[in-house]
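One file, structure-v7.txt, is given below (compact mmCIF, C-alpha atoms).
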# COMPACT_ATOMS: atom_id res chain seq x y z
CA MET A 1 -1.53 291.21 87.42
CA ASN A 2 -1.58 294.75 88.77
CA ARG A 3 -0.27 294.58 92.35
CA GLN A 4 -0.32 298.29 93.19
CA ALA A 5 -2.49 299.04 96.20
CA GLY A 6 -4.89 301.85 95.41
CA GLY A 7 -4.13 301.64 91.67
CA PRO A 8 -6.71 302.20 88.91
CA ASN A 9 -8.08 298.65 89.21
CA ALA A 10 -8.25 298.63 93.00
CA ARG A 11 -11.65 297.74 94.39
CA ARG A 12 -13.09 297.05 97.79
CA LEU A 13 -14.77 293.78 98.60
CA ARG A 14 -17.36 293.19 101.29
CA TRP A 15 -18.08 289.64 102.32
CA SER A 16 -20.26 287.64 104.68
CA GLY A 17 -20.33 283.92 105.34
CA MET A 18 -22.42 281.53 107.39
CA THR A 19 -22.89 277.78 107.75
CA ASP A 20 -25.56 275.83 109.60
CA ARG A 21 -25.88 272.14 110.47
CA GLY A 22 -29.54 272.18 109.48
CA LYS A 23 -32.42 270.37 111.15
CA VAL A 24 -31.54 266.74 110.37
CA ARG A 25 -27.82 265.97 110.15
CA PRO A 26 -25.92 265.32 113.40
CA ASN A 27 -22.78 267.17 112.30
CA ASN A 28 -21.76 269.85 109.80
CA GLU A 29 -19.63 268.58 106.91
CA ASP A 30 -19.68 271.94 105.10
CA SER A 31 -16.80 274.39 105.31
CA PHE A 32 -16.21 277.87 103.98
CA LEU A 33 -13.07 279.97 103.78
CA GLY A 34 -12.07 283.58 103.25
CA GLN A 35 -8.42 284.62 103.00
CA GLU A 36 -6.32 287.61 102.01
CA PHE A 37 -2.84 286.68 100.84
CA ASP A 38 0.35 287.80 99.18
CA ALA A 39 3.70 286.07 98.57
CA ARG A 40 4.67 286.13 102.24
CA GLU A 41 1.64 285.49 104.38
CA VAL A 42 -2.00 284.58 104.62
CA HIS A 43 -4.62 286.39 106.69
CA HIS A 44 -7.74 284.45 107.58
CA LEU A 45 -10.79 286.62 107.19
CA GLY A 46 -13.64 286.85 109.63
CA LYS A 47 -17.16 285.80 108.77
CA THR A 48 -17.89 289.38 107.75
CA GLY A 49 -15.63 292.22 106.65
CA GLU A 50 -14.26 294.50 103.95
CA GLY A 51 -10.90 294.70 102.20
CA LEU A 52 -9.05 296.42 99.34
CA ILE A 53 -7.77 294.42 96.40
CA GLY A 54 -4.42 295.67 95.13
CA ALA A 55 -1.26 294.59 96.86
CA THR A 56 -3.02 291.41 98.02
CA ASP A 57 -5.42 288.90 96.51
CA PHE A 58 -8.52 287.38 98.09
CA VAL A 59 -9.82 283.85 97.91
CA PHE A 60 -13.20 282.51 98.98
CA ALA A 61 -14.25 278.87 98.91
CA VAL A 62 -16.98 276.47 99.98
CA SER A 63 -16.80 272.69 100.25
CA ASP A 64 -19.26 269.95 101.14
CA GLY A 65 -17.56 266.89 102.59
CA MET A 66 -18.96 263.37 102.40
CA GLY A 67 -18.07 259.99 103.84
CA GLY A 68 -18.66 257.71 106.79
CA ALA A 69 -18.32 258.73 110.44
CA MET A 70 -16.38 262.03 110.60
CA ALA A 71 -14.80 261.61 107.13
CA GLY A 72 -16.86 264.37 105.57
CA GLU A 73 -15.78 266.95 108.13
CA PHE A 74 -12.18 265.81 107.78
CA ALA A 75 -12.37 266.08 103.98
CA SER A 76 -13.55 269.70 104.19
CA ARG A 77 -10.79 270.52 106.70
CA ILE A 78 -8.04 269.04 104.50
CA THR A 79 -9.39 271.01 101.54
CA MET A 80 -9.23 274.34 103.34
CA GLU A 81 -5.74 273.66 104.71
CA LYS A 82 -4.43 272.94 101.20
CA ILE A 83 -5.82 276.24 99.91
CA THR A 84 -4.10 278.09 102.74
CA ARG A 85 -0.72 276.53 101.91
CA LEU A 86 -0.73 276.58 98.11
CA LEU A 87 -2.20 279.86 96.87
CA PRO A 88 0.46 282.15 98.44
CA LEU A 89 3.06 280.23 96.44
CA SER A 90 1.31 281.22 93.22
CA PHE A 91 1.32 284.89 94.28
CA LYS A 92 5.07 284.69 94.85
CA GLN A 93 5.59 283.17 91.42
CA SER A 94 3.60 285.91 89.69
CA ALA A 95 5.52 288.61 91.56
CA MET A 96 8.74 287.07 90.20
CA GLY A 97 7.42 287.08 86.64
CA LEU A 98 6.78 283.33 86.67
CA GLU A 99 3.01 283.47 86.43
CA ALA A 100 1.69 280.15 85.18
CA GLY A 101 -1.91 281.22 84.64
CA PHE A 102 -4.88 280.81 86.93
CA GLU A 103 -6.02 277.52 85.38
CA ASP A 104 -2.64 275.93 86.03
CA VAL A 105 -2.60 277.14 89.62
CA ILE A 106 -6.16 276.07 90.41
CA ALA A 107 -5.72 272.75 88.59
CA GLU A 108 -2.66 272.00 90.72
CA LEU A 109 -4.60 272.94 93.85
CA PHE A 110 -7.49 270.63 92.98
CA ASP A 111 -5.08 267.81 92.08
CA GLN A 112 -3.23 268.05 95.41
CA ILE A 113 -6.48 268.07 97.38
CA HIS A 114 -7.71 265.08 95.40
CA ARG A 115 -4.50 263.14 96.03
CA ALA A 116 -4.51 263.97 99.75
CA LEU A 117 -8.12 262.87 100.23
CA SER A 118 -7.58 259.69 98.21
CA PHE A 119 -4.51 258.81 100.27
CA VAL A 120 -6.20 259.38 103.63
CA GLY A 121 -9.33 257.59 102.49
CA SER A 122 -7.36 254.51 101.45
CA SER A 123 -5.19 254.51 104.58
CA TYR A 124 -7.78 254.66 107.37
CA ALA A 125 -10.93 252.58 107.58
CA GLU A 126 -12.88 255.37 109.28
CA CYS A 127 -12.10 257.68 106.34
CA ARG A 128 -12.94 255.25 103.55
CA GLY A 129 -15.00 256.90 100.84
CA MET A 130 -14.17 260.45 101.99
CA GLN A 131 -14.70 263.03 99.28
CA THR A 132 -15.67 266.65 98.90
CA THR A 133 -17.03 269.22 96.51
CA LEU A 134 -15.06 272.45 96.06
CA SER A 135 -16.02 275.80 94.57
CA ILE A 136 -13.36 278.50 94.80
CA SER A 137 -13.27 282.17 93.75
CA TRP A 138 -9.92 283.95 93.47
CA PHE A 139 -10.12 287.74 93.29
CA THR A 140 -7.26 289.67 91.70
CA PRO A 141 -7.41 293.32 90.53
CA GLY A 142 -10.18 293.43 87.94
CA TRP A 143 -10.80 289.69 87.66
CA MET A 144 -12.42 286.86 89.57
CA TYR A 145 -11.10 283.43 88.58
CA PHE A 146 -12.93 280.31 89.67
CA GLY A 147 -12.56 276.55 89.82
CA HIS A 148 -15.22 273.98 90.62
CA VAL A 149 -15.91 270.29 91.14
CA GLY A 150 -19.16 268.82 92.52
CA ASP A 151 -22.59 270.28 93.17
CA SER A 152 -21.78 273.29 95.29
CA ARG A 153 -22.29 276.46 93.26
CA ILE A 154 -20.94 279.89 92.35
CA TYR A 155 -23.52 282.44 91.25
CA TYR A 156 -22.96 285.86 89.67
CA LEU A 157 -25.30 288.83 90.07
CA PRO A 158 -24.15 291.57 87.65
CA ALA A 159 -24.53 295.20 88.72
CA GLY A 160 -27.93 296.66 87.93
CA GLN A 161 -29.52 293.29 87.23
CA GLU A 162 -31.89 291.24 89.36
CA GLY A 163 -31.39 287.75 87.97
CA LEU A 164 -28.79 285.20 89.05
CA ARG A 165 -26.33 283.63 86.65
CA GLN A 166 -24.96 280.25 87.73
CA LEU A 167 -21.28 280.19 86.74
CA THR A 168 -20.62 276.58 87.73
CA GLU A 169 -22.19 273.41 86.39
CA ASP A 170 -23.52 270.80 88.81
CA ASP A 171 -21.53 267.60 88.35
CA THR A 172 -24.64 265.43 88.59
CA TYR A 173 -26.82 263.56 86.11
CA VAL A 174 -29.73 265.77 87.13
CA GLY A 175 -27.62 268.86 86.47
CA TRP A 176 -26.86 267.53 83.01
CA LEU A 177 -30.56 267.01 82.31
CA PHE A 178 -31.34 270.55 83.49
CA ARG A 179 -28.62 272.11 81.29
CA ARG A 180 -30.07 270.24 78.28
CA GLY A 181 -33.48 271.71 79.02
CA GLU A 182 -35.02 268.28 79.62
CA ILE A 183 -36.25 269.12 83.13
CA THR A 184 -37.25 272.32 84.93
CA GLU A 185 -35.68 273.80 88.05
CA ARG A 186 -38.56 272.40 90.11
CA GLU A 187 -38.19 268.94 88.56
CA ALA A 188 -34.44 269.03 89.20
CA ARG A 189 -35.06 269.77 92.88
CA GLU A 190 -37.47 266.86 93.24
CA HIS A 191 -35.54 264.31 91.16
CA PRO A 192 -34.61 261.17 93.16
CA ARG A 193 -31.00 261.28 91.84
CA ARG A 194 -30.41 264.98 92.45
CA THR A 195 -27.64 264.35 95.01
CA ALA A 196 -25.77 261.64 93.07
CA LEU A 197 -22.39 263.13 92.18
CA GLN A 198 -20.55 262.32 88.97
CA LYS A 199 -17.41 264.18 90.10
CA ALA A 200 -15.85 264.91 93.49
CA LEU A 201 -12.41 265.22 95.02
CA GLY A 202 -11.20 262.03 96.74
CA ALA A 203 -13.03 258.71 97.12
CA GLY A 204 -10.64 256.94 94.76
CA ASN A 205 -11.85 258.76 91.64
CA LEU A 206 -9.10 258.29 89.07
CA PHE A 207 -9.62 261.48 87.10
CA VAL A 208 -10.94 264.84 88.21
CA GLU A 209 -11.42 267.58 85.61
CA PRO A 210 -12.37 270.84 87.32
CA GLN A 211 -14.40 273.51 85.61
CA PHE A 212 -12.56 276.82 85.19
CA GLY A 213 -13.75 280.31 84.38
CA ALA A 214 -13.16 284.03 84.83
CA VAL A 215 -15.33 287.12 85.25
CA ALA A 216 -14.24 290.75 84.84
CA TYR A 217 -16.03 292.40 87.75
CA GLU A 218 -17.15 295.97 88.41
CA PRO A 219 -18.69 297.87 91.33
CA GLY A 220 -22.13 296.57 92.18
CA ASP A 221 -21.41 292.99 91.16
CA VAL A 222 -22.18 290.27 93.71
CA PHE A 223 -20.92 286.69 93.85
CA LEU A 224 -22.53 283.89 95.87
CA LEU A 225 -20.75 280.65 96.76
CA CYS A 226 -22.95 278.01 98.38
CA THR A 227 -23.39 274.31 99.07
CA ASP A 228 -26.33 272.34 97.74
CA GLY A 229 -28.10 272.62 101.08
CA LEU A 230 -28.76 276.30 100.43
CA VAL A 231 -30.47 275.76 97.08
CA ASP A 232 -32.45 272.86 98.49
CA GLY A 233 -34.39 275.41 100.50
CA LEU A 234 -34.47 278.38 98.11
CA TYR A 235 -35.15 278.82 94.41
CA ASP A 236 -32.78 281.02 92.41
CA GLU A 237 -35.28 283.88 92.25
CA ARG A 238 -35.56 283.91 96.06
CA LEU A 239 -31.77 283.81 96.42
CA ALA A 240 -31.46 286.92 94.26
CA GLY A 241 -34.26 288.68 96.12
CA LEU A 242 -32.68 288.12 99.53
CA ILE A 243 -29.42 289.59 98.25
CA ARG A 244 -30.67 292.47 96.12
CA ALA A 245 -34.02 293.41 97.67
CA PRO A 246 -34.37 292.28 101.28
CA THR A 247 -37.27 293.50 103.37
CA VAL A 248 -36.59 296.01 106.13
CA ALA A 249 -36.53 293.17 108.67
CA GLU A 250 -34.22 291.01 106.52
CA ALA A 251 -31.85 293.91 105.84
CA LYS A 252 -30.90 294.01 109.54
CA PHE A 253 -28.74 290.93 108.90
CA ASP A 254 -25.83 290.38 106.51
CA PRO A 255 -26.61 288.66 103.18
CA ALA A 256 -25.15 285.26 104.10
CA ARG A 257 -27.21 285.06 107.28
CA ARG A 258 -30.38 286.07 105.42
CA LEU A 259 -29.82 283.28 102.90
CA VAL A 260 -28.89 280.51 105.31
CA GLU A 261 -31.63 281.21 107.84
CA ALA A 262 -34.30 281.38 105.13
CA SER A 263 -33.10 278.15 103.55
CA VAL A 264 -32.94 276.23 106.83
CA GLU A 265 -36.40 277.47 107.75
CA ASN A 266 -37.79 276.24 104.41
CA SER A 267 -35.89 272.93 104.32
CA GLY A 268 -32.96 272.25 106.65
CA LYS A 269 -32.52 268.67 105.42
CA ASP A 270 -28.82 269.23 104.71
CA ASN A 271 -25.91 271.28 105.98
CA THR A 272 -26.35 274.77 104.57
CA THR A 273 -23.60 277.28 103.70
CA ALA A 274 -23.51 280.65 101.94
CA LEU A 275 -20.63 283.02 101.23
CA VAL A 276 -21.53 286.37 99.63
CA VAL A 277 -18.89 288.66 98.10
CA GLU A 278 -19.90 292.17 97.03
CA VAL A 279 -17.74 294.44 94.85
CA LEU A 280 -17.92 298.03 96.12

Kindly transcribe the structure held in the file into structure tokens.
Amino acid sequence: MNRQAGGPNARRLRWSGMTDRGKVRPNNEDSFLGQEFDAREVHHLGKTGEGLIGATDFVFAVSDGMGGAMAGEFASRITMEKITRLLPLSFKQSAMGLEAGFEDVIAELFDQIHRALSFVGSSYAECRGMQTTLSISWFTPGWMYFGHVGDSRIYYLPAGQEGLRQLTEDDTYVGWLFRRGEITEREAREHPRRTALQKALGAGNLFVEPQFGAVAYEPGDVFLLCTDGLVDGLYDERLAGLIRAPTVAEAKFDPARRLVEASVENSGKDNTTALVVEVL
């Protein structure tokens, strides 16, 4: 990877993130994360901001925790803490010429989170059944690498285009039906089994096989990470419109806030989280 700040592949990122409990649930089991890191340290990013990719990498993630009592919140918290601890180690390895490849690094990250959640869930009655989704985007110079388990999502809006491309696959039976073309987007949203997960981190699942991918980005590209609560309230076309073509009134707010507030207004049945990353 090119680590030279201001080099030919250097780009600026602008991000915004927001999460909302929604109208129904008593607590918020969603979490989102933004970090800038190198081999020595990690900087936690604010809910909005800009930064230059070059000498440092950026990581953004969303997770949707599940489980009894406060287990869902705890699952999301453990997930974010693991990301903070593990990714700087991979940067250090690459700087020393020991780069293992993004799939190896992200696979190890997912495995450690899975093991930690499974251990805590089996050790404490109040955490039994704790699990979480995780969708993570890792920005290096020129490339965004991603890993995913569950039904949170990562979308890609290429520069100059209006339509959304969903990079991740929902780990649900309904998601499988939709990918096969057997049901429409509307039917998927109304299906009684739409929230039944086939994969998640924790909860005693023996095997977890994350989805991996990579996108070569350019100025004007936008990436959206979100939990399923966001898409419960907004169709894909509306998501793209709020990002690319907001009204004058909507444009007063950052993209994540526009998305979350519109979704909660339309639905609000679940915790709702959006994290928008724009390449400048």

(Q) as a list of chain:residue names, please: the residues near stretch 125-132 of chain A (cut-off 8 Å, all atoms listed in the file, same-chain neighbours under 4 positions excluded). (A) A:Ser63, A:Asp64, A:Gly65, A:Met66, A:Gly67, A:Gly68, A:Ala69, A:Met70, A:Ala71, A:Gly72, A:Ala75, A:Ser76, A:Leu117, A:Ser118, A:Val120, A:Gly121, A:Gly150, A:Ala200, A:Leu201, A:Gly202, A:Ala203, A:Gly204

Each side padded by 5 Å, which centre and which edge lengths in Å (one decimal) define the axis-aligned box around the listed atoms of stretch 257-273 of chain A? Give them as AutoDock Vina command-line options.
--center_x -30.7 --center_y 277.4 --center_z 105.4 --size_x 24.2 --size_y 27.4 --size_z 14.9

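Counting from atom CA of A:Glu29, the distance to atom CA of A:Arg165 is 26.1 Å.
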
Q) Skipping near chain neighbours, those fewer than 3 positions away, what residues fall within 7 Å of A:Asp236 using all atoms listed in the file, listed as an NGL selection string? A) :A and (164 or 239-240)

Could you write out that same residue set with C-alpha atoms as a PDB file, in the coordinates of the input?
ATOM      1  CA  LEU A 164     -28.790 285.200  89.050  1.00  0.00           C
ATOM      2  CA  LEU A 239     -31.770 283.810  96.420  1.00  0.00           C
ATOM      3  CA  ALA A 240     -31.460 286.920  94.260  1.00  0.00           C
TER       4      ALA A 240
END

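Take the candidates A:Glu218, A:Glu250, A:Asp270, A:Asp232 and check each one against A:Arg186 using all atoms listed in the file; the shortest distance goes to A:Asp232.
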
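If you count only C-alpha atoms and ignore residues fewer than 6 places along the chain from A:Leu234, what sits within 9 Å of it is A:Leu259, A:Ala262, A:Ser263, A:Asn266, A:Ser267.
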
Output C-alpha atoms for every residue in the selection just made, as a short mmCIF file (atom, residue, chain, number, x, y, z; two decimals), keeping the file's coordinate frame.
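That gives us again_36.cif:
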data_model
loop_
_atom_site.label_atom_id
_atom_site.label_comp_id
_atom_site.auth_asym_id
_atom_site.auth_seq_id
_atom_site.Cartn_x
_atom_site.Cartn_y
_atom_site.Cartn_z
CA LEU A 259 -29.82 283.28 102.90
CA ALA A 262 -34.30 281.38 105.13
CA SER A 263 -33.10 278.15 103.55
CA ASN A 266 -37.79 276.24 104.41
CA SER A 267 -35.89 272.93 104.32
#
